[in-house]
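Chemist: What follows is structure.cif, mmCIF, C-alpha atoms.
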```
data_coords
#
loop_
_atom_site.label_atom_id
_atom_site.label_comp_id
_atom_site.auth_asym_id
_atom_site.auth_seq_id
_atom_site.Cartn_x
_atom_site.Cartn_y
_atom_site.Cartn_z
CA MET A 1 51.29 134.70 106.38
CA LYS A 2 52.80 136.77 109.19
CA ILE A 3 52.31 140.51 108.59
CA LEU A 4 53.60 143.55 110.46
CA VAL A 5 51.50 146.70 110.14
CA LEU A 6 53.64 149.74 110.88
CA GLY A 7 51.49 152.41 112.48
CA GLY A 8 48.42 152.35 114.74
CA GLY A 9 46.26 155.11 113.32
CA VAL A 10 42.96 154.54 111.56
CA LEU A 11 44.74 153.29 108.41
CA GLY A 12 46.95 150.88 110.33
CA VAL A 13 44.17 149.40 112.47
CA SER A 14 41.80 149.14 109.50
CA SER A 15 44.49 147.42 107.43
CA ALA A 16 45.08 145.00 110.29
CA TRP A 17 41.36 144.20 110.43
CA TYR A 18 40.99 143.28 106.77
CA LEU A 19 44.28 141.37 106.69
CA ALA A 20 43.39 139.38 109.80
CA LYS A 21 39.89 138.69 108.49
CA SER A 22 41.47 137.15 105.40
CA GLY A 23 43.45 134.71 107.53
CA HIS A 24 46.79 136.35 108.24
CA GLU A 25 48.70 136.58 111.52
CA VAL A 26 48.90 140.33 112.07
CA THR A 27 50.81 142.51 114.51
CA VAL A 28 50.43 146.31 114.68
CA VAL A 29 53.54 148.21 115.76
CA GLU A 30 52.86 151.66 117.24
CA ARG A 31 55.09 154.09 119.16
CA GLN A 32 52.24 155.60 121.19
CA PRO A 33 50.67 153.85 124.21
CA GLY A 34 47.44 153.27 122.27
CA VAL A 35 45.83 153.53 118.84
CA ALA A 36 44.79 156.77 117.14
CA ASP A 37 46.83 159.02 119.41
CA GLU A 38 48.30 161.19 116.64
CA THR A 39 46.69 162.32 113.35
CA SER A 40 43.60 160.15 113.92
CA TYR A 41 42.99 161.79 117.31
CA GLY A 42 41.28 165.08 116.49
CA ASN A 43 40.50 165.36 112.78
CA ALA A 44 37.43 167.18 111.51
CA GLY A 45 35.24 164.08 111.84
CA MET A 46 33.89 164.27 108.29
CA LEU A 47 33.25 161.11 106.30
CA SER A 48 33.30 163.19 103.15
CA TYR A 49 32.81 160.57 100.46
CA GLY A 50 31.32 163.10 98.05
CA TYR A 51 33.08 166.22 99.27
CA THR A 52 36.44 164.93 98.02
CA VAL A 53 38.56 167.60 96.35
CA PRO A 54 42.28 167.72 95.44
CA TRP A 55 44.17 170.56 97.03
CA ALA A 56 45.99 171.15 93.75
CA ALA A 57 43.50 172.76 91.37
CA PRO A 58 43.47 175.38 88.61
CA GLY A 59 43.76 178.82 90.15
CA VAL A 60 44.90 177.56 93.55
CA PRO A 61 48.32 179.31 93.46
CA PHE A 62 46.63 182.70 93.11
CA LYS A 63 43.94 181.80 95.63
CA ALA A 64 46.58 180.68 98.12
CA ILE A 65 48.26 184.08 97.97
CA LYS A 66 44.91 185.74 98.58
CA TRP A 67 44.09 183.36 101.44
CA MET A 68 47.41 183.98 103.17
CA LEU A 69 46.71 187.71 103.18
CA GLN A 70 43.40 187.22 104.97
CA ASP A 71 43.10 187.85 108.69
CA LEU A 72 41.55 184.38 109.12
CA ALA A 73 43.84 182.70 106.59
CA PRO A 74 42.91 179.09 105.76
CA ILE A 75 46.51 178.43 104.68
CA LEU A 76 49.83 179.67 106.01
CA VAL A 77 53.50 179.02 105.33
CA SER A 78 55.72 179.10 108.38
CA LYS A 79 58.99 180.91 107.66
CA SER A 80 60.94 178.48 109.81
CA ALA A 81 59.69 175.53 107.74
CA PHE A 82 60.49 176.97 104.34
CA ASN A 83 63.50 175.02 103.11
CA ALA A 84 64.56 173.05 100.03
CA HIS A 85 62.38 170.08 100.97
CA THR A 86 59.29 172.24 101.49
CA ALA A 87 59.92 174.18 98.30
CA GLY A 88 60.40 170.96 96.31
CA TRP A 89 57.13 169.52 97.54
CA MET A 90 55.28 172.76 96.82
CA MET A 91 56.63 172.78 93.27
CA LYS A 92 55.37 169.23 92.76
CA MET A 93 51.97 170.31 94.02
CA LEU A 94 51.91 173.35 91.74
CA GLY A 95 52.61 170.99 88.83
CA GLN A 96 49.27 169.32 89.58
CA CYS A 97 47.29 172.58 89.30
CA THR A 98 46.20 172.02 85.70
CA GLU A 99 42.73 171.21 84.40
CA ASP A 100 43.80 167.75 83.20
CA ALA A 101 45.65 166.82 86.41
CA TYR A 102 42.78 168.07 88.57
CA ARG A 103 40.26 165.93 86.69
CA VAL A 104 42.44 162.81 86.88
CA ASN A 105 43.26 163.28 90.56
CA LYS A 106 39.69 164.04 91.59
CA ASN A 107 38.40 160.96 89.77
CA ARG A 108 40.99 158.79 91.53
CA MET A 109 40.09 160.27 94.90
CA LEU A 110 36.36 159.87 94.35
CA ARG A 111 36.90 156.27 93.29
CA ILE A 112 38.51 155.32 96.59
CA SER A 113 36.19 157.54 98.66
CA GLU A 114 33.03 156.03 97.19
CA TYR A 115 34.46 152.53 97.67
CA SER A 116 35.26 153.44 101.26
CA ARG A 117 31.63 154.43 101.83
CA ILE A 118 30.54 150.99 100.66
CA CYS A 119 33.13 149.28 102.87
CA MET A 120 32.11 151.36 105.89
CA ASP A 121 28.47 150.40 105.36
CA ARG A 122 29.48 146.74 105.27
CA LEU A 123 31.62 147.06 108.39
CA THR A 124 29.02 148.88 110.49
CA SER A 125 26.46 146.24 109.47
CA GLU A 126 28.83 143.51 110.66
CA LEU A 127 30.16 145.09 113.86
CA GLU A 128 28.61 147.10 116.66
CA LEU A 129 30.87 150.13 116.63
CA ASP A 130 30.17 153.13 118.86
CA PHE A 131 31.78 156.23 117.34
CA ASP A 132 29.05 158.92 117.20
CA HIS A 133 28.24 157.83 113.65
CA ARG A 134 25.66 159.78 111.63
CA ASN A 135 24.68 159.53 107.97
CA LYS A 136 23.06 162.91 107.40
CA GLY A 137 25.21 164.34 104.64
CA THR A 138 27.51 167.33 104.17
CA VAL A 139 26.42 170.82 103.20
CA GLU A 140 29.12 172.92 101.57
CA LEU A 141 27.91 176.39 102.48
CA PHE A 142 28.48 179.36 100.19
CA ARG A 143 28.56 182.89 101.58
CA ASP A 144 28.93 184.47 98.13
CA GLN A 145 26.65 184.03 95.10
CA GLN A 146 29.46 184.58 92.61
CA LYS A 147 31.46 181.75 94.15
CA MET A 148 28.43 179.48 94.14
CA ASP A 149 27.84 180.23 90.46
CA SER A 150 31.41 179.19 89.59
CA ILE A 151 31.28 175.52 90.63
CA GLY A 152 30.32 174.14 87.21
CA ALA A 153 33.57 172.20 86.72
CA ASP A 154 33.21 170.52 90.11
CA LEU A 155 29.62 169.55 89.34
CA ALA A 156 30.70 168.01 86.01
CA SER A 157 33.35 165.94 87.79
CA LEU A 158 30.83 164.74 90.37
CA ARG A 159 28.43 163.70 87.61
CA GLU A 160 31.22 161.92 85.75
CA CYS A 161 32.08 159.91 88.86
CA GLY A 162 28.47 159.18 89.75
CA VAL A 163 28.62 160.97 93.12
CA GLU A 164 25.19 161.88 94.43
CA HIS A 165 24.91 165.63 95.02
CA GLU A 166 22.47 168.49 94.80
CA VAL A 167 22.79 172.25 94.49
CA ILE A 168 20.44 173.59 97.15
CA ASP A 169 19.01 177.04 97.76
CA HIS A 170 18.99 179.07 100.95
CA ALA A 171 15.77 177.58 102.30
CA THR A 172 16.86 173.99 101.64
CA CYS A 173 20.12 174.58 103.53
CA ILE A 174 18.01 175.41 106.56
CA GLN A 175 15.87 172.29 106.04
CA TYR A 176 19.01 170.14 106.36
CA GLU A 177 20.60 172.28 109.08
CA PRO A 178 17.81 174.00 111.02
CA ALA A 179 20.20 175.93 113.26
CA LEU A 180 21.33 177.94 110.22
CA ALA A 181 18.00 179.78 110.45
CA ASN A 182 19.60 181.73 113.29
CA VAL A 183 22.18 183.19 110.85
CA SER A 184 20.21 183.20 107.61
CA GLU A 185 21.91 186.38 106.38
CA LYS A 186 25.34 184.70 106.42
CA PHE A 187 24.94 182.47 103.34
CA VAL A 188 23.25 182.24 99.94
CA GLY A 189 23.02 178.48 99.29
CA GLY A 190 24.94 175.24 99.29
CA LEU A 191 26.03 172.01 97.70
CA LEU A 192 24.61 168.93 99.39
CA PHE A 193 26.33 165.52 99.54
CA PRO A 194 23.54 163.38 101.02
CA LYS A 195 25.60 160.18 101.42
CA ASP A 196 28.36 161.77 103.47
CA GLY A 197 28.60 160.99 107.16
CA THR A 198 30.26 161.97 110.41
CA GLY A 199 31.98 160.21 113.26
CA ASP A 200 34.74 160.32 115.85
CA CYS A 201 37.73 158.75 114.12
CA ARG A 202 39.57 158.05 117.36
CA LYS A 203 36.61 156.28 118.98
CA PHE A 204 36.12 154.26 115.79
CA THR A 205 39.77 153.21 115.71
CA GLN A 206 39.79 152.26 119.38
CA HIS A 207 36.68 150.11 119.04
CA LEU A 208 37.87 148.48 115.82
CA ALA A 209 41.16 147.66 117.57
CA GLU A 210 39.20 145.73 120.20
CA TYR A 211 37.52 143.69 117.47
CA CYS A 212 40.94 143.16 115.91
CA LYS A 213 42.19 141.66 119.18
CA GLN A 214 39.22 139.29 119.21
CA ILE A 215 40.33 137.79 115.87
CA GLY A 216 43.96 137.48 116.91
CA VAL A 217 45.63 140.78 116.00
CA LYS A 218 48.47 141.68 118.36
CA PHE A 219 49.48 145.24 119.26
CA GLU A 220 53.00 146.27 120.17
CA PHE A 221 52.53 149.69 121.78
CA GLY A 222 55.30 152.00 122.96
CA THR A 223 57.49 150.63 120.18
CA GLU A 224 59.40 153.10 118.03
CA ILE A 225 60.06 152.03 114.45
CA LYS A 226 63.62 153.03 113.56
CA ALA A 227 64.56 151.41 110.24
CA LEU A 228 63.86 148.72 107.66
CA GLU A 229 66.64 146.23 106.99
CA THR A 230 66.92 144.87 103.46
CA ARG A 231 68.95 142.36 101.48
CA ASP A 232 68.74 141.93 97.71
CA ASN A 233 65.89 144.48 97.56
CA GLU A 234 63.80 142.54 100.06
CA ILE A 235 62.78 143.54 103.57
CA GLN A 236 64.45 141.32 106.14
CA SER A 237 63.32 142.96 109.38
CA VAL A 238 62.09 146.08 111.12
CA VAL A 239 64.47 147.64 113.62
CA THR A 240 62.52 148.93 116.62
CA SER A 241 63.20 150.27 120.09
CA LYS A 242 62.39 146.77 121.36
CA GLY A 243 64.63 144.92 118.92
CA LYS A 244 64.22 143.52 115.44
CA MET A 245 60.88 142.17 114.23
CA GLN A 246 60.45 139.89 111.24
CA ALA A 247 57.49 138.94 109.08
CA ASP A 248 56.51 137.68 105.64
CA ALA A 249 55.11 141.09 104.67
CA TYR A 250 55.21 144.65 105.98
CA VAL A 251 52.56 147.34 105.57
CA LEU A 252 53.60 150.99 105.91
CA CYS A 253 50.86 153.09 107.57
CA MET A 254 52.93 155.79 109.23
CA GLY A 255 51.35 158.87 107.64
CA SER A 256 53.67 161.88 107.53
CA TYR A 257 56.55 159.82 108.89
CA SER A 258 56.43 157.26 106.08
CA PRO A 259 59.00 158.99 103.80
CA MET A 260 61.69 158.91 106.50
CA LEU A 261 61.45 155.14 106.79
CA VAL A 262 61.67 154.35 103.08
CA LYS A 263 64.12 157.02 101.92
CA PRO A 264 67.16 154.86 102.86
CA LEU A 265 65.67 152.20 100.56
CA GLY A 266 65.85 154.58 97.60
CA ILE A 267 62.13 155.42 97.62
CA ASN A 268 61.42 159.15 97.51
CA LEU A 269 57.86 159.28 98.80
CA PRO A 270 56.53 162.84 98.33
CA ILE A 271 54.42 163.12 101.45
CA TYR A 272 54.43 166.40 103.36
CA PRO A 273 53.25 166.91 106.97
CA MET A 274 50.52 169.52 106.46
CA LYS A 275 49.59 170.82 109.89
CA GLY A 276 45.91 171.13 110.73
CA TYR A 277 44.01 172.35 113.78
CA SER A 278 40.71 171.50 115.43
CA LEU A 279 38.45 172.54 118.28
CA THR A 280 36.12 170.17 120.13
CA LEU A 281 33.29 171.88 122.00
CA PRO A 282 30.78 170.37 124.45
CA ILE A 283 27.25 171.15 123.22
CA ILE A 284 25.37 173.53 125.50
CA ASP A 285 22.32 174.22 123.29
CA GLU A 286 21.08 171.40 121.07
CA SER A 287 18.76 173.69 119.09
CA LYS A 288 21.69 175.82 117.93
CA ALA A 289 24.01 172.96 116.98
CA PRO A 290 24.59 171.39 113.54
CA GLN A 291 23.02 168.03 112.71
CA SER A 292 25.84 166.76 110.50
CA THR A 293 28.68 168.63 108.74
CA VAL A 294 28.67 172.15 107.39
CA MET A 295 31.73 173.03 105.32
CA ASP A 296 32.29 176.78 105.17
CA GLU A 297 33.55 177.30 101.61
CA ALA A 298 34.92 180.76 102.30
CA TYR A 299 37.15 179.83 105.23
CA LYS A 300 37.76 176.12 104.45
CA VAL A 301 36.57 175.14 107.93
CA ALA A 302 34.31 172.17 108.69
CA VAL A 303 31.83 172.16 111.59
CA THR A 304 30.88 168.58 112.41
CA ARG A 305 28.38 167.13 114.86
CA PHE A 306 29.16 164.32 117.27
CA ASP A 307 26.57 163.09 119.77
CA ASP A 308 27.31 165.58 122.54
CA ARG A 309 30.17 167.56 120.98
CA ILE A 310 30.97 169.77 118.01
CA ARG A 311 34.24 169.24 116.16
CA VAL A 312 35.57 172.18 114.15
CA GLY A 313 38.47 171.46 111.82
CA GLY A 314 40.42 173.60 109.44
CA THR A 315 43.55 175.58 108.60
CA ALA A 316 46.50 174.28 106.63
CA GLU A 317 49.89 175.31 107.92
CA ILE A 318 53.06 174.41 106.08
CA ALA A 319 55.22 174.05 109.18
CA SER A 320 57.16 170.80 108.66
CA PHE A 321 56.96 168.62 111.80
CA ASP A 322 56.27 171.48 114.22
CA LEU A 323 53.48 170.29 116.53
CA SER A 324 53.32 173.37 118.75
CA LEU A 325 49.82 174.68 119.43
CA LYS A 326 49.77 178.28 118.22
CA SER A 327 47.00 180.25 119.84
CA GLU A 328 46.53 182.53 116.82
CA ARG A 329 45.67 179.50 114.67
CA ARG A 330 42.61 178.93 116.86
CA LYS A 331 40.96 182.05 115.42
CA PRO A 332 39.61 180.65 112.09
CA THR A 333 37.91 177.61 113.70
CA GLU A 334 36.59 179.66 116.60
CA PHE A 335 35.26 182.35 114.28
CA VAL A 336 33.42 179.96 111.96
CA VAL A 337 31.66 177.96 114.69
CA SER A 338 30.70 181.19 116.50
CA ASP A 339 29.54 182.84 113.28
CA LEU A 340 27.43 179.96 111.93
CA PHE A 341 26.34 178.26 115.16
CA PRO A 342 26.45 180.94 117.88
CA GLY A 343 25.68 179.67 121.36
CA ALA A 344 25.77 176.00 120.34
CA GLY A 345 29.01 174.96 122.03
CA ASP A 346 31.08 175.85 125.07
CA LEU A 347 34.13 177.63 123.64
CA GLU A 348 35.64 178.23 127.07
CA ASN A 349 35.95 174.49 127.62
CA ALA A 350 36.91 173.53 124.06
CA GLU A 351 39.83 171.22 123.42
CA PHE A 352 42.35 172.79 121.03
CA TRP A 353 44.42 170.28 119.00
CA CYS A 354 46.78 170.05 116.06
CA GLY A 355 48.04 167.17 113.93
CA LEU A 356 49.96 166.39 110.76
CA ARG A 357 48.08 165.45 107.60
CA PRO A 358 50.20 163.33 105.25
CA MET A 359 49.72 165.19 101.95
CA THR A 360 50.81 163.98 98.52
CA PRO A 361 51.20 166.57 95.72
CA ASP A 362 48.17 165.17 93.87
CA SER A 363 46.09 164.51 97.05
CA VAL A 364 45.78 160.84 96.01
CA PRO A 365 46.89 158.27 98.62
CA VAL A 366 49.64 155.71 98.08
CA ILE A 367 48.20 152.19 98.25
CA GLY A 368 49.76 148.91 97.12
CA LYS A 369 53.10 147.26 96.45
CA SER A 370 56.37 149.14 96.75
CA PRO A 371 59.51 148.58 94.62
CA VAL A 372 61.00 146.69 97.58
CA LYS A 373 59.85 143.08 98.01
CA LYS A 374 57.54 142.32 100.93
CA LEU A 375 56.83 146.02 101.53
CA TYR A 376 53.34 147.43 100.95
CA MET A 377 52.03 150.96 101.50
CA ASN A 378 48.79 152.47 102.76
CA THR A 379 49.65 156.09 103.44
CA GLY A 380 49.51 159.67 102.18
CA HIS A 381 45.77 160.29 102.57
CA GLY A 382 46.09 163.96 103.52
CA THR A 383 42.90 165.34 105.04
CA LEU A 384 40.90 162.27 103.96
CA GLY A 385 42.45 159.42 105.93
CA TRP A 386 39.26 158.95 107.94
CA THR A 387 37.07 159.17 104.84
CA MET A 388 39.18 156.78 102.75
CA SER A 389 40.22 154.43 105.55
CA GLN A 390 37.95 151.45 104.91
CA GLY A 391 38.21 151.41 101.13
CA SER A 392 41.99 151.84 101.30
CA ALA A 393 42.40 149.05 103.85
CA LYS A 394 40.21 146.61 101.93
CA LEU A 395 42.00 147.46 98.70
CA LEU A 396 45.37 146.94 100.38
CA ALA A 397 44.32 143.58 101.79
CA ASP A 398 43.16 142.37 98.37
CA ILE A 399 46.48 143.44 96.85
CA VAL A 400 48.45 141.59 99.55
CA ASN A 401 46.25 138.53 98.99
CA GLU A 402 46.76 138.81 95.22
CA GLN A 403 43.00 138.83 94.76
CA GLU A 404 41.02 140.74 92.17
CA THR A 405 40.15 144.12 93.64
CA GLU A 406 36.61 145.49 93.62
CA VAL A 407 37.77 148.84 92.24
CA SER A 408 40.59 149.79 89.92
CA THR A 409 44.02 150.34 91.48
CA GLU A 410 45.11 152.58 88.59
CA GLY A 411 47.06 155.59 89.81
CA MET A 412 47.16 154.48 93.44
CA SER A 413 50.62 152.98 93.90
CA VAL A 414 53.92 154.72 94.57
CA SER A 415 55.01 153.86 91.03
CA ARG A 416 53.40 157.09 89.79
CA TYR A 417 56.21 158.99 91.52
CA LEU A 418 59.12 156.78 90.46
#
```
Please go through the file and, once you have read it, give me the structure as structure tokens.
Modeler:
Amino acid sequence: MKILVLGGGVLGVSSAWYLAKSGHEVTVVERQPGVADETSYGNAGMLSYGYTVPWAAPGVPFKAIKWMLQDLAPILVSKSAFNAHTAGWMMKMLGQCTEDAYRVNKNRMLRISEYSRICMDRLTSELELDFDHRNKGTVELFRDQQKMDSIGADLASLRECGVEHEVIDHATCIQYEPALANVSEKFVGGLLFPKDGTGDCRKFTQHLAEYCKQIGVKFEFGTEIKALETRDNEIQSVVTSKGKMQADAYVLCMGSYSPMLVKPLGINLPIYPMKGYSLTLPIIDESKAPQSTVMDEAYKVAVTRFDDRIRVGGTAEIASFDLSLKSERRKPTEFVVSDLFPGAGDLENAEFWCGLRPMTPDSVPVIGKSPVKKLYMNTGHGTLGWTMSQGSAKLLADIVNEQETEVSTEGMSVSRYL
């Protein structure tokens, strides 16, 4: 079967890999000159299979107001972006902030994240991929004892889903991240996810794309996707800047831009472009650098180790499709890495970046068939596209192939919104 994958980020390239491996003729269509040049370029680098949490949770509306009043606010709403569309999406998200919805959504997310860990292990055993990969876990670091004592509901959900984790004391945090001994007064303890990993998503995607080419996948770069043509509720072609392209099946992997493409088809896909920022610092003192990922619970900022760099990711800005780099939004990431790992990285030569995270109201991705024939979706992964990439792509390929999936697809398709 001839398949067009629309989008060349980590989800698009991974989908192409599993589809091509199962015998299909696959072409990836991407508007950028290469793969992983947008959202997959500078994410936090966490493979957070265990640290998987819906944004919509009980108490979040009140917390969000508190956060926005902080000097180093982890979430902001841009006045220029606040319109009917933004308000509608936020209302949908607020509707997911109940105990029952949180439990359902977290279980769905953990299901695909854990499956993705298994698929990543399989893939890295099969292929020699160089992407600064480490499997040394994530430490969610707590600065406040009261906050640490209040995580009982999260622990129950982790146990229910069989996710390996451990509440660790101050001394054990330092055992896992020795550099924290330099700032021992800054924290009280942590929550360890020992099976989590790290890696450079862009390097991974670039190297996987090379393996894709070896098994016949074609890449159409510099090609803007403009519209989907249909007849009798069936995709007939994709209209691009280089003309129309036709296939037997089409896979939508366009992240935050996915809703625009399918809205004319009558599909209201509730994905919002949540803006995130990151810093990438060259390491100047190995002894002061993290070994894996430290997630600062108070500021919602992740500090992640690559081989010779530190990636610091955080901040959620509701700013629609504004991709301007705002210097004031550098402050939270710069503060956290300087506060927890002082002297580890070269801030003066750090790369400052922003990208759009494709967020659904329930934080669960959209994977599977669409209501339109021949159209499949693998999009809406929010902050966890890198984490969920391999499980999502393998699940998508099995659905396209009409094979029995290794994990349940319940709650994953766009039908939950229709």
Chemist: So that I can see what lies close to Asn105 in chain A, please list as an mmCIF file with C-alpha atoms, in the coordinates of the input the residues with an atom at most 9 Å from it, counting all atoms listed in the file and leaving out residues fewer than 3 positions away in the same chain.
Modeler:
```
data_model
loop_
_atom_site.group_PDB
_atom_site.id
_atom_site.type_symbol
_atom_site.label_atom_id
_atom_site.label_comp_id
_atom_site.auth_asym_id
_atom_site.auth_seq_id
_atom_site.Cartn_x
_atom_site.Cartn_y
_atom_site.Cartn_z
ATOM 1 C CA VAL A 53 38.560 167.600 96.350
ATOM 2 C CA PRO A 54 42.280 167.720 95.440
ATOM 3 C CA ALA A 56 45.990 171.150 93.750
ATOM 4 C CA GLN A 96 49.270 169.320 89.580
ATOM 5 C CA ASP A 100 43.800 167.750 83.200
ATOM 6 C CA ALA A 101 45.650 166.820 86.410
ATOM 7 C CA TYR A 102 42.780 168.070 88.570
ATOM 8 C CA ARG A 108 40.990 158.790 91.530
ATOM 9 C CA MET A 109 40.090 160.270 94.900
ATOM 10 C CA LEU A 110 36.360 159.870 94.350
ATOM 11 C CA ASP A 362 48.170 165.170 93.870
ATOM 12 C CA SER A 363 46.090 164.510 97.050
ATOM 13 C CA VAL A 364 45.780 160.840 96.010
ATOM 14 C CA GLY A 411 47.060 155.590 89.810
#
```
Chemist: Step by step, work through what the PyMOL selection byres ((chain A and resi 289) around 8) selects in the shown file, and finish by giving those residues as a PyMOL selection string.
Modeler: chain A and resi 179+283+285-288+290-291+305+310+341+344-345
Chemist: Please, could you write that set of residues out with C-alpha atoms as a compact mmCIF listing (two decimals), in the coordinates of the input?
Modeler:
```txt
# COMPACT_ATOMS: atom_id res chain seq x y z
CA ALA A 179 20.20 175.93 113.26
CA ILE A 283 27.25 171.15 123.22
CA ASP A 285 22.32 174.22 123.29
CA GLU A 286 21.08 171.40 121.07
CA SER A 287 18.76 173.69 119.09
CA LYS A 288 21.69 175.82 117.93
CA PRO A 290 24.59 171.39 113.54
CA GLN A 291 23.02 168.03 112.71
CA ARG A 305 28.38 167.13 114.86
CA ILE A 310 30.97 169.77 118.01
CA PHE A 341 26.34 178.26 115.16
CA ALA A 344 25.77 176.00 120.34
CA GLY A 345 29.01 174.96 122.03
```
Chemist: Which residues are near Val188 in chain A? Cut-off 8 Å, all atoms listed in the file, ignore same chain within fewer than 4 positions. Put them as a list in words.
Modeler: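 So the residues in contact are Leu141, Phe142, Arg143, Asp144, Gln145, Asp169 and His170 of chain A.
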Chemist: Counting only C-alpha atoms, which residue out of A:Ser389, A:Gly95, A:Gln175, A:Val77 sits closest to Trp55 in chain A?
Modeler: A:Gly95
Chemist: What would the selection look like, as number ranges by chain, if the PyMOL selection byres ((chain A and resi 131) around 9) were run on the coordinates I just shared?
Modeler: A: 129-130, 132-133, 199-205, 207, 306-307
Chemist: What gap, in Å, lies between CA of Ala316 in chain A and CA of Trp353 in chain A?
Modeler: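 Spanning CA of Ala316 in chain A to CA of Trp353 in chain A is a straight-line distance of 13.2 Å.
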Chemist: Rounded to one decimal in Å, what is the spacing between CA of Gly314 in chain A and CA of Pro273 in chain A?
Modeler: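 Interatomic distance, CA of Gly314 in chain A to CA of Pro273 in chain A: 14.7 Å.
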Chemist: Expanded to explicit residues, what is the PyMOL selection byres ((chain A and resi 174) around 12) for this file, as a PyMOL selection string?
Modeler: chain A and resi 139+141+168-173+175-190+192+288+290-291+294+340
Chemist: Hey, can you spit out that residue selection with C-alpha atoms as a PDB file, keeping the file's coordinate frame?
Modeler:
```
ATOM      1  CA  VAL A 139      26.420 170.820 103.200  1.00  0.00           C
ATOM      2  CA  LEU A 141      27.910 176.390 102.480  1.00  0.00           C
ATOM      3  CA  ILE A 168      20.440 173.590  97.150  1.00  0.00           C
ATOM      4  CA  ASP A 169      19.010 177.040  97.760  1.00  0.00           C
ATOM      5  CA  HIS A 170      18.990 179.070 100.950  1.00  0.00           C
ATOM      6  CA  ALA A 171      15.770 177.580 102.300  1.00  0.00           C
ATOM      7  CA  THR A 172      16.860 173.990 101.640  1.00  0.00           C
ATOM      8  CA  CYS A 173      20.120 174.580 103.530  1.00  0.00           C
ATOM      9  CA  GLN A 175      15.870 172.290 106.040  1.00  0.00           C
ATOM     10  CA  TYR A 176      19.010 170.140 106.360  1.00  0.00           C
ATOM     11  CA  GLU A 177      20.600 172.280 109.080  1.00  0.00           C
ATOM     12  CA  PRO A 178      17.810 174.000 111.020  1.00  0.00           C
ATOM     13  CA  ALA A 179      20.200 175.930 113.260  1.00  0.00           C
ATOM     14  CA  LEU A 180      21.330 177.940 110.220  1.00  0.00           C
ATOM     15  CA  ALA A 181      18.000 179.780 110.450  1.00  0.00           C
ATOM     16  CA  ASN A 182      19.600 181.730 113.290  1.00  0.00           C
ATOM     17  CA  VAL A 183      22.180 183.190 110.850  1.00  0.00           C
ATOM     18  CA  SER A 184      20.210 183.200 107.610  1.00  0.00           C
ATOM     19  CA  GLU A 185      21.910 186.380 106.380  1.00  0.00           C
ATOM     20  CA  LYS A 186      25.340 184.700 106.420  1.00  0.00           C
ATOM     21  CA  PHE A 187      24.940 182.470 103.340  1.00  0.00           C
ATOM     22  CA  VAL A 188      23.250 182.240  99.940  1.00  0.00           C
ATOM     23  CA  GLY A 189      23.020 178.480  99.290  1.00  0.00           C
ATOM     24  CA  GLY A 190      24.940 175.240  99.290  1.00  0.00           C
ATOM     25  CA  LEU A 192      24.610 168.930  99.390  1.00  0.00           C
ATOM     26  CA  LYS A 288      21.690 175.820 117.930  1.00  0.00           C
ATOM     27  CA  PRO A 290      24.590 171.390 113.540  1.00  0.00           C
ATOM     28  CA  GLN A 291      23.020 168.030 112.710  1.00  0.00           C
ATOM     29  CA  VAL A 294      28.670 172.150 107.390  1.00  0.00           C
ATOM     30  CA  LEU A 340      27.430 179.960 111.930  1.00  0.00           C
TER      31      LEU A 340
END
```
Chemist: Please work out which residues fall within 12 Å of (50.6, 153.0, 100.2), coordinates as given in the file, with all atoms listed in the file counting, and return them as number ranges by chain.
Modeler: A: 5-6, 11-12, 15, 250-256, 258-259, 262, 269-271, 358, 360, 364-371, 375-381, 385, 389, 392-393, 395-397, 399-400, 409, 411-417
Chemist: Measure the distance from CA of Gly88 in chain A to CA of Met359 in chain A in Å and round it to one decimal.
Modeler: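 Taking CA of Gly88 in chain A and CA of Met359 in chain A, their separation equals 13.4 Å.
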Chemist: From the coordinates supplied, range 33-40 of chain A should be written with N, CA and C atoms, as a compact mmCIF listing (two decimals), in the first residue's frame.
Modeler:
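To be explicit, this is the file written out as part.txt:
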```txt
# COMPACT_ATOMS: atom_id res chain seq x y z
N PRO A 33 13.28 22.07 5.39
CA PRO A 33 14.31 21.44 4.55
C PRO A 33 14.85 20.12 5.10
N GLY A 34 14.46 19.76 6.32
CA GLY A 34 14.90 18.50 6.91
C GLY A 34 13.91 18.05 7.97
N VAL A 35 14.20 16.92 8.61
CA VAL A 35 13.31 16.41 9.65
C VAL A 35 13.59 17.09 10.99
N ALA A 36 12.60 17.08 11.85
CA ALA A 36 12.73 17.55 13.24
C ALA A 36 13.23 18.98 13.34
N ASP A 37 12.75 19.85 12.47
CA ASP A 37 13.18 21.24 12.50
C ASP A 37 12.20 22.16 13.23
N GLU A 38 11.11 21.61 13.76
CA GLU A 38 10.15 22.44 14.47
C GLU A 38 10.01 21.97 15.92
N THR A 39 8.89 21.42 16.32
CA THR A 39 8.68 21.05 17.72
C THR A 39 9.68 20.00 18.21
N SER A 40 10.12 19.13 17.34
CA SER A 40 11.07 18.08 17.73
C SER A 40 12.51 18.60 17.86
```
